[in-house]
file entry_14.pdb (PDB, C-alpha atoms, pLDDT in the B column)
ATOM      1  CA  MET A 125      13.296  -5.588   2.829  1.00 98.00           C
ATOM      2  CA  LYS A 126      14.889  -4.742   6.134  1.00 98.00           C
ATOM      3  CA  TYR A 127      13.139  -3.297   9.152  1.00 98.00           C
ATOM      4  CA  ARG A 128      13.541  -2.378  12.784  1.00 98.00           C
ATOM      5  CA  ARG A 129      10.829  -2.085  15.418  1.00 98.00           C
ATOM      6  CA  LEU A 130      10.901   1.058  17.560  1.00 98.00           C
ATOM      7  CA  GLY A 131       8.062   0.750  20.063  1.00 98.00           C
ATOM      8  CA  SER A 132       4.875   0.532  18.010  1.00 98.00           C
ATOM      9  CA  VAL A 133       6.576   1.830  14.837  1.00 98.00           C
ATOM     10  CA  TYR A 134       8.418  -0.226  12.243  1.00 98.00           C
ATOM     11  CA  ALA A 135      11.048   1.624  10.225  1.00 98.00           C
ATOM     12  CA  VAL A 136      11.089  -0.256   6.906  1.00 98.00           C
ATOM     13  CA  ARG A 137      13.609  -0.105   4.077  1.00 98.00           C
ATOM     14  CA  ILE A 138      12.613  -1.675   0.779  1.00 98.00           C
ATOM     15  CA  ASP A 139      15.600  -2.155  -1.508  1.00 98.00           C
ATOM     16  CA  ARG A 140      16.202  -1.898  -5.235  1.00 98.00           C
ATOM     17  CA  GLY A 141      14.242  -4.474  -7.229  1.00 98.00           C
ATOM     18  CA  GLU A 142      11.834  -5.279  -4.406  1.00 98.00           C
ATOM     19  CA  GLU A 143       8.102  -4.692  -4.730  1.00 98.00           C
ATOM     20  CA  VAL A 144       6.348  -2.537  -2.120  1.00 98.00           C
ATOM     21  CA  MET A 145       3.057  -4.421  -1.751  1.00 98.00           C
ATOM     22  CA  ALA A 146       4.731  -7.843  -1.471  1.00 98.00           C
ATOM     23  CA  SER A 147       7.220  -6.504   1.073  1.00 98.00           C
ATOM     24  CA  LEU A 148       4.510  -4.975   3.256  1.00 98.00           C
ATOM     25  CA  LEU A 149       2.370  -8.120   3.118  1.00 97.00           C
ATOM     26  CA  GLU A 150       5.440 -10.085   4.246  1.00 97.00           C
ATOM     27  CA  LEU A 151       5.963  -7.650   7.148  1.00 98.00           C
ATOM     28  CA  GLU A 152       2.284  -7.834   8.101  1.00 96.00           C
ATOM     29  CA  GLU A 153       2.384 -11.640   8.185  1.00 95.00           C
ATOM     30  CA  ARG A 154       5.780 -11.964   9.880  1.00 96.00           C
ATOM     31  CA  GLU A 155       4.998  -9.473  12.645  1.00 97.00           C
ATOM     32  CA  LYS A 156       1.302 -10.418  12.925  1.00 95.00           C
ATOM     33  CA  ILE A 157       0.212  -6.816  12.433  1.00 97.00           C
ATOM     34  CA  ARG A 158      -3.587  -6.560  12.691  1.00 97.00           C
ATOM     35  CA  ALA A 159      -3.981  -2.807  12.105  1.00 98.00           C
ATOM     36  CA  ALA A 160      -1.476  -0.127  11.118  1.00 98.00           C
ATOM     37  CA  ILE A 161      -0.867   3.205   9.427  1.00 98.00           C
ATOM     38  CA  VAL A 162       1.630   3.261   6.538  1.00 98.00           C
ATOM     39  CA  GLU A 163       3.505   6.326   5.279  1.00 98.00           C
ATOM     40  CA  GLY A 164       6.667   6.879   3.306  1.00 98.00           C
ATOM     41  CA  LEU A 165       8.587   7.877   0.179  1.00 98.00           C
ATOM     42  CA  GLY A 166      11.230   6.588  -2.195  1.00 98.00           C
ATOM     43  CA  ALA A 167      12.075   5.954  -5.841  1.00 98.00           C
ATOM     44  CA  ALA A 168      10.593   3.477  -8.319  1.00 98.00           C
ATOM     45  CA  ASP A 169      10.997   2.430 -11.932  1.00 98.00           C
ATOM     46  CA  HIS A 170       7.694   0.567 -12.307  1.00 98.00           C
ATOM     47  CA  VAL A 171       4.411   1.645 -10.733  1.00 98.00           C
ATOM     48  CA  LYS A 172       0.858   0.481 -11.364  1.00 98.00           C
ATOM     49  CA  PHE A 173      -1.925   2.505  -9.773  1.00 98.00           C
ATOM     50  CA  GLY A 174      -5.537   3.270 -10.474  1.00 96.00           C
ATOM     51  CA  VAL A 175      -8.690   5.192  -9.883  1.00 97.00           C
ATOM     52  CA  TYR A 176     -11.821   3.364  -8.773  1.00 95.00           C
ATOM     53  CA  ASP A 177     -14.953   3.950 -10.826  1.00 95.00           C
ATOM     54  CA  VAL A 178     -17.815   3.466  -8.368  1.00 94.00           C
ATOM     55  CA  GLU A 179     -20.480   3.157 -11.071  1.00 92.00           C
ATOM     56  CA  ARG A 180     -18.641   0.337 -12.872  1.00 94.00           C
ATOM     57  CA  GLN A 181     -17.155  -1.028  -9.614  1.00 93.00           C
ATOM     58  CA  GLN A 182     -13.704  -1.471 -11.100  1.00 92.00           C
ATOM     59  CA  PHE A 183     -10.295   0.150 -11.137  1.00 93.00           C
ATOM     60  CA  ASP A 184      -8.941   1.914 -14.197  1.00 96.00           C
ATOM     61  CA  ALA A 185      -5.226   1.157 -14.072  1.00 96.00           C
ATOM     62  CA  THR A 186      -2.298   3.300 -15.153  1.00 97.00           C
ATOM     63  CA  GLN A 187       1.225   1.933 -15.451  1.00 98.00           C
ATOM     64  CA  LYS A 188       4.448   3.945 -15.486  1.00 98.00           C
ATOM     65  CA  ASP A 189       7.783   2.343 -16.392  1.00 98.00           C
ATOM     66  CA  GLU A 190      10.347   5.105 -16.011  1.00 98.00           C
ATOM     67  CA  PRO A 191      12.404   6.746 -13.244  1.00 98.00           C
ATOM     68  CA  LEU A 192       9.940   8.111 -10.669  1.00 98.00           C
ATOM     69  CA  GLU A 193      10.208   9.758  -7.294  1.00 98.00           C
ATOM     70  CA  ILE A 194       7.694   8.402  -4.824  1.00 98.00           C
ATOM     71  CA  THR A 195       6.629  11.630  -3.162  1.00 98.00           C
ATOM     72  CA  SER A 196       4.139   9.860  -0.910  1.00 98.00           C
ATOM     73  CA  ILE A 197       2.810   6.443   0.008  1.00 98.00           C
ATOM     74  CA  THR A 198       0.029   6.479   2.556  1.00 98.00           C
ATOM     75  CA  GLY A 199      -2.590   4.027   3.721  1.00 98.00           C
ATOM     76  CA  SER A 200      -3.505   1.224   6.060  1.00 98.00           C
ATOM     77  CA  MET A 201      -2.880  -2.386   6.959  1.00 98.00           C
ATOM     78  CA  THR A 202      -5.971  -4.258   8.093  1.00 97.00           C
ATOM     79  CA  ARG A 203      -7.423  -7.772   7.806  1.00 96.00           C
ATOM     80  CA  GLN A 204     -10.033  -9.332   5.558  1.00 96.00           C
ATOM     81  CA  ASP A 205     -11.240 -12.895   6.044  1.00 94.00           C
ATOM     82  CA  GLY A 206      -8.378 -13.410   8.500  1.00 91.00           C
ATOM     83  CA  LYS A 207      -5.722 -12.434   5.953  1.00 94.00           C
ATOM     84  CA  PRO A 208      -3.556  -9.306   5.611  1.00 95.00           C
ATOM     85  CA  TYR A 209      -5.129  -6.512   3.568  1.00 96.00           C
ATOM     86  CA  LEU A 210      -3.332  -3.425   2.280  1.00 98.00           C
ATOM     87  CA  HIS A 211      -5.054  -0.227   1.182  1.00 98.00           C
ATOM     88  CA  LEU A 212      -2.379   2.152  -0.073  1.00 98.00           C
ATOM     89  CA  HIS A 213      -2.314   5.223  -2.263  1.00 98.00           C
ATOM     90  CA  ILE A 214       0.752   6.590  -4.029  1.00 98.00           C
ATOM     91  CA  THR A 215       1.858   9.841  -5.603  1.00 98.00           C
ATOM     92  CA  VAL A 216       4.858   9.778  -7.937  1.00 98.00           C
ATOM     93  CA  ALA A 217       6.650  12.472  -9.929  1.00 98.00           C
ATOM     94  CA  ASP A 218       8.503  12.107 -13.224  1.00 98.00           C
ATOM     95  CA  ARG A 219      11.649  13.945 -14.408  1.00 97.00           C
ATOM     96  CA  SER A 220       9.584  16.957 -15.454  1.00 98.00           C
ATOM     97  CA  GLY A 221       7.916  17.239 -12.070  1.00 97.00           C
ATOM     98  CA  ASN A 222       4.553  15.966 -13.318  1.00 98.00           C
ATOM     99  CA  ALA A 223       2.739  14.170 -10.522  1.00 98.00           C
ATOM    100  CA  PHE A 224       0.503  11.116 -10.869  1.00 97.00           C
ATOM    101  CA  GLY A 225      -1.258   9.062  -8.279  1.00 97.00           C
ATOM    102  CA  GLY A 226      -4.011   6.784  -7.137  1.00 98.00           C
ATOM    103  CA  HIS A 227      -4.690   3.448  -5.497  1.00 98.00           C
ATOM    104  CA  LEU A 228      -1.421   1.480  -5.427  1.00 98.00           C
ATOM    105  CA  ASN A 229      -1.326  -1.950  -7.077  1.00 97.00           C
ATOM    106  CA  GLU A 230       2.429  -2.402  -7.689  1.00 98.00           C
ATOM    107  CA  ALA A 231       5.632  -0.448  -7.162  1.00 98.00           C
ATOM    108  CA  ARG A 232       9.097  -1.802  -7.903  1.00 98.00           C
ATOM    109  CA  ILE A 233      11.817   0.125  -6.133  1.00 98.00           C
ATOM    110  CA  SER A 234      14.673   1.548  -8.204  1.00 98.00           C
ATOM    111  CA  GLY A 235      16.726   3.099  -5.411  1.00 97.00           C
ATOM    112  CA  THR A 236      15.229   2.777  -1.967  1.00 98.00           C
ATOM    113  CA  CYS A 237      11.900   3.164  -0.209  1.00 98.00           C
ATOM    114  CA  GLU A 238      11.609   4.346   3.388  1.00 98.00           C
ATOM    115  CA  LEU A 239       8.383   3.594   5.195  1.00 98.00           C
ATOM    116  CA  PHE A 240       7.101   3.984   8.714  1.00 98.00           C
ATOM    117  CA  VAL A 241       4.457   1.467   9.721  1.00 98.00           C
ATOM    118  CA  THR A 242       2.700   2.434  12.954  1.00 98.00           C
ATOM    119  CA  ALA A 243       1.087  -0.638  14.501  1.00 98.00           C
ATOM    120  CA  LEU A 244      -2.193  -0.028  16.305  1.00 98.00           C
ATOM    121  CA  ASP A 245      -3.654  -1.971  19.206  1.00 97.00           C
ATOM    122  CA  GLY A 246      -6.433  -4.340  18.184  1.00 95.00           C
ATOM    123  CA  GLU A 247      -7.678  -5.375  14.778  1.00 96.00           C
ATOM    124  CA  ILE A 248      -9.604  -3.706  11.985  1.00 96.00           C
ATOM    125  CA  GLY A 249     -11.435  -6.003   9.607  1.00 96.00           C
ATOM    126  CA  ARG A 250     -12.788  -5.372   6.129  1.00 97.00           C
ATOM    127  CA  ARG A 251     -15.903  -6.460   4.318  1.00 95.00           C
ATOM    128  CA  LYS A 252     -17.514  -5.860   0.970  1.00 93.00           C
ATOM    129  CA  ASP A 253     -19.733  -2.775   0.992  1.00 93.00           C
ATOM    130  CA  ASP A 254     -23.206  -4.235   0.561  1.00 86.00           C
ATOM    131  CA  PHE A 255     -25.037  -1.315   2.178  1.00 88.00           C
ATOM    132  CA  SER A 256     -24.306   1.570  -0.223  1.00 91.00           C
ATOM    133  CA  GLY A 257     -23.437  -0.310  -3.401  1.00 89.00           C
ATOM    134  CA  THR A 258     -19.859   0.837  -3.994  1.00 94.00           C
ATOM    135  CA  GLY A 259     -18.379  -2.657  -4.163  1.00 92.00           C
ATOM    136  CA  LEU A 260     -15.410  -1.511  -2.081  1.00 95.00           C
ATOM    137  CA  ASN A 261     -13.841  -3.435   0.794  1.00 96.00           C
ATOM    138  CA  VAL A 262     -14.596  -1.101   3.707  1.00 96.00           C
ATOM    139  CA  PHE A 263     -13.685  -1.101   7.406  1.00 96.00           C
ATOM    140  CA  ASP A 264     -15.758  -3.604   9.367  1.00 94.00           C
ATOM    141  CA  PHE A 265     -16.104  -2.648  13.008  1.00 88.00           C
TER
END
call {"tool": "encode", "arguments": {"input": "entry_14.pdb", "output": "structure tokens"}}
result
Amino acid sequence: MKYRRLGSVYAVRIDRGEEVMASLLELEEREKIRAAIVEGLGAADHVKFGVYDVERQQFDATQKDEPLEITSITGSMTRQDGKPYLHLHITVADRSGNAFGGHLNEARISGTCELFVTALDGEIGRRKDDFSGTGLNVFDF
């Protein structure tokens, strides 16, 4: 991963063979980012993503191991229990143009990934949702 800071925005390049989540957690730790918006695109050859089932309070994972275009990565960087926390979603397309997406768990880059991380002033924490029963880690203001 390589990056450059331009004001409050980090232009991030994740290279072939690198994993998106690990790279962003490294950036978050290295630059002490407490809250940020993440957006980008790229190409991957391994992606694991899921859909959260609120009733069962668990993710149903899907894994794709093939050439994929990352048409969108979007989400946030926050903190939970003093540690970096990523909440990202991804949409990918296969050779036939079929699109798939959900909550991002893993994405290994096959070509390149270009992200913009917009750092925000302050900090946004997270906590387990104990008020509506979803089991999700929600913003804690």
call {"tool": "resolve_selection", "arguments": {"input": "entry_14.pdb", "expression": "the PyMOL selection byres ((chain A and resi 252) around 9)", "output": "MDAnalysis selection string"}}
result
chainID A and resid 250:251 253:255 258:264
call {"tool": "atom_distance", "arguments": {"input": "entry_14.pdb", "atom1": "atom CA of A:Tyr134", "atom2": "atom CA of A:Gly249"}}
result
20.8 Å
call {"tool": "atom_distance", "arguments": {"input": "entry_14.pdb", "atom1": "atom CA of A:Phe173", "atom2": "atom CA of A:Glu230"}}
result
6.9 Å
call {"tool": "atom_distance", "arguments": {"input": "entry_14.pdb", "atom1": "atom CA of A:Leu165", "atom2": "atom CA of A:Ile138"}}
result
10.4 Å
call {"tool": "closest_residue", "arguments": {"input": "entry_14.pdb", "among": "A:Asn222, A:Thr242, A:Thr236, A:Asn229", "to": "A:Phe183", "atoms": "all atoms listed in the file"}}
result
A:Asn229
call {"tool": "closest_residue", "arguments": {"input": "entry_14.pdb", "among": "A:Ile197, A:Leu210, A:Leu239, A:Ala168", "to": "A:Leu149", "atoms": "only C-alpha atoms"}}
result
A:Leu210
call {"tool": "residues_near_point", "arguments": {"input": "entry_14.pdb", "point": "(4.0, -6.7, 7.4)", "cutoff": "10 Å", "atoms": "all atoms listed in the file", "output": "list in words"}}
result
Tyr127, Tyr134, Val136, Met145, Ala146, Ser147, Leu148, Leu149, Glu150, Leu151, Glu152, Glu153, Arg154, Glu155, Lys156, Ile157, Arg158, Ala160, Met201, Pro208, Tyr209, Leu210, Val241 and Ala243 of chain A
call {"tool": "residues_near_point", "arguments": {"input": "entry_14.pdb", "point": "(2.2, -5.8, -11.4)", "cutoff": "12 Å", "atoms": "all atoms listed in the file", "output": "list in words"}}
result
Glu142, Glu143, Val144, Met145, Ala146, His170, Val171, Lys172, Phe173, Gly174, Ala185, Thr186, Gln187, Lys188, Asp189, Leu228, Asn229, Glu230, Ala231 and Arg232 of chain A
call {"tool": "residues_around", "arguments": {"input": "entry_14.pdb", "residues": "A:Asp184", "least_positions_apart": "6", "cutoff": "10 Å", "atoms": "all atoms listed in the file", "output": "PyMOL selection string"}}
result
chain A and resi 173-177+226-227
call {"tool": "write_last_selection", "arguments": {"input": "entry_14.pdb", "atoms": "C-alpha atoms", "output": "mmCIF file, in the coordinates of the input"}}
result
data_model
loop_
_atom_site.group_PDB
_atom_site.id
_atom_site.type_symbol
_atom_site.label_atom_id
_atom_site.label_comp_id
_atom_site.auth_asym_id
_atom_site.auth_seq_id
_atom_site.Cartn_x
_atom_site.Cartn_y
_atom_site.Cartn_z
ATOM 1 C CA PHE A 173 -1.925 2.505 -9.773
ATOM 2 C CA GLY A 174 -5.537 3.270 -10.474
ATOM 3 C CA VAL A 175 -8.690 5.192 -9.883
ATOM 4 C CA TYR A 176 -11.821 3.364 -8.773
ATOM 5 C CA ASP A 177 -14.953 3.950 -10.826
ATOM 6 C CA GLY A 226 -4.011 6.784 -7.137
ATOM 7 C CA HIS A 227 -4.690 3.448 -5.497
#
call {"tool": "resolve_selection", "arguments": {"input": "entry_14.pdb", "expression": "the PyMOL selection byres ((chain A and resi 248) around 6)", "output": "MDAnalysis selection string"}}
result
chainID A and resid 159 202 247 249
call {"tool": "resolve_selection", "arguments": {"input": "entry_14.pdb", "expression": "the PyMOL selection byres ((chain A and resi 216-221) around 8)", "output": "list in words"}}
result
Glu190, Pro191, Leu192, Glu193, Ile194, Thr195, Ser196, Ile214, Thr215, Asn222, Ala223, Phe224 and Gly225 of chain A
call {"tool": "write_last_selection", "arguments": {"input": "entry_14.pdb", "atoms": "C-alpha atoms", "output": "compact mmCIF listing (two decimals), in the frame of the given file"}}
result
# COMPACT_ATOMS: atom_id res chain seq x y z
CA GLU A 190 10.35 5.11 -16.01
CA PRO A 191 12.40 6.75 -13.24
CA LEU A 192 9.94 8.11 -10.67
CA GLU A 193 10.21 9.76 -7.29
CA ILE A 194 7.69 8.40 -4.82
CA THR A 195 6.63 11.63 -3.16
CA SER A 196 4.14 9.86 -0.91
CA ILE A 214 0.75 6.59 -4.03
CA THR A 215 1.86 9.84 -5.60
CA ASN A 222 4.55 15.97 -13.32
CA ALA A 223 2.74 14.17 -10.52
CA PHE A 224 0.50 11.12 -10.87
CA GLY A 225 -1.26 9.06 -8.28
call {"tool": "axis_aligned_box", "arguments": {"input": "entry_14.pdb", "around": "stretch 212-226 of chain A", "padding_each_side": "4 Å", "output": "AutoDock Vina command-line options"}}
result
--center_x 3.8 --center_y 9.7 --center_z -7.8 --size_x 23.7 --size_y 23.1 --size_z 23.4
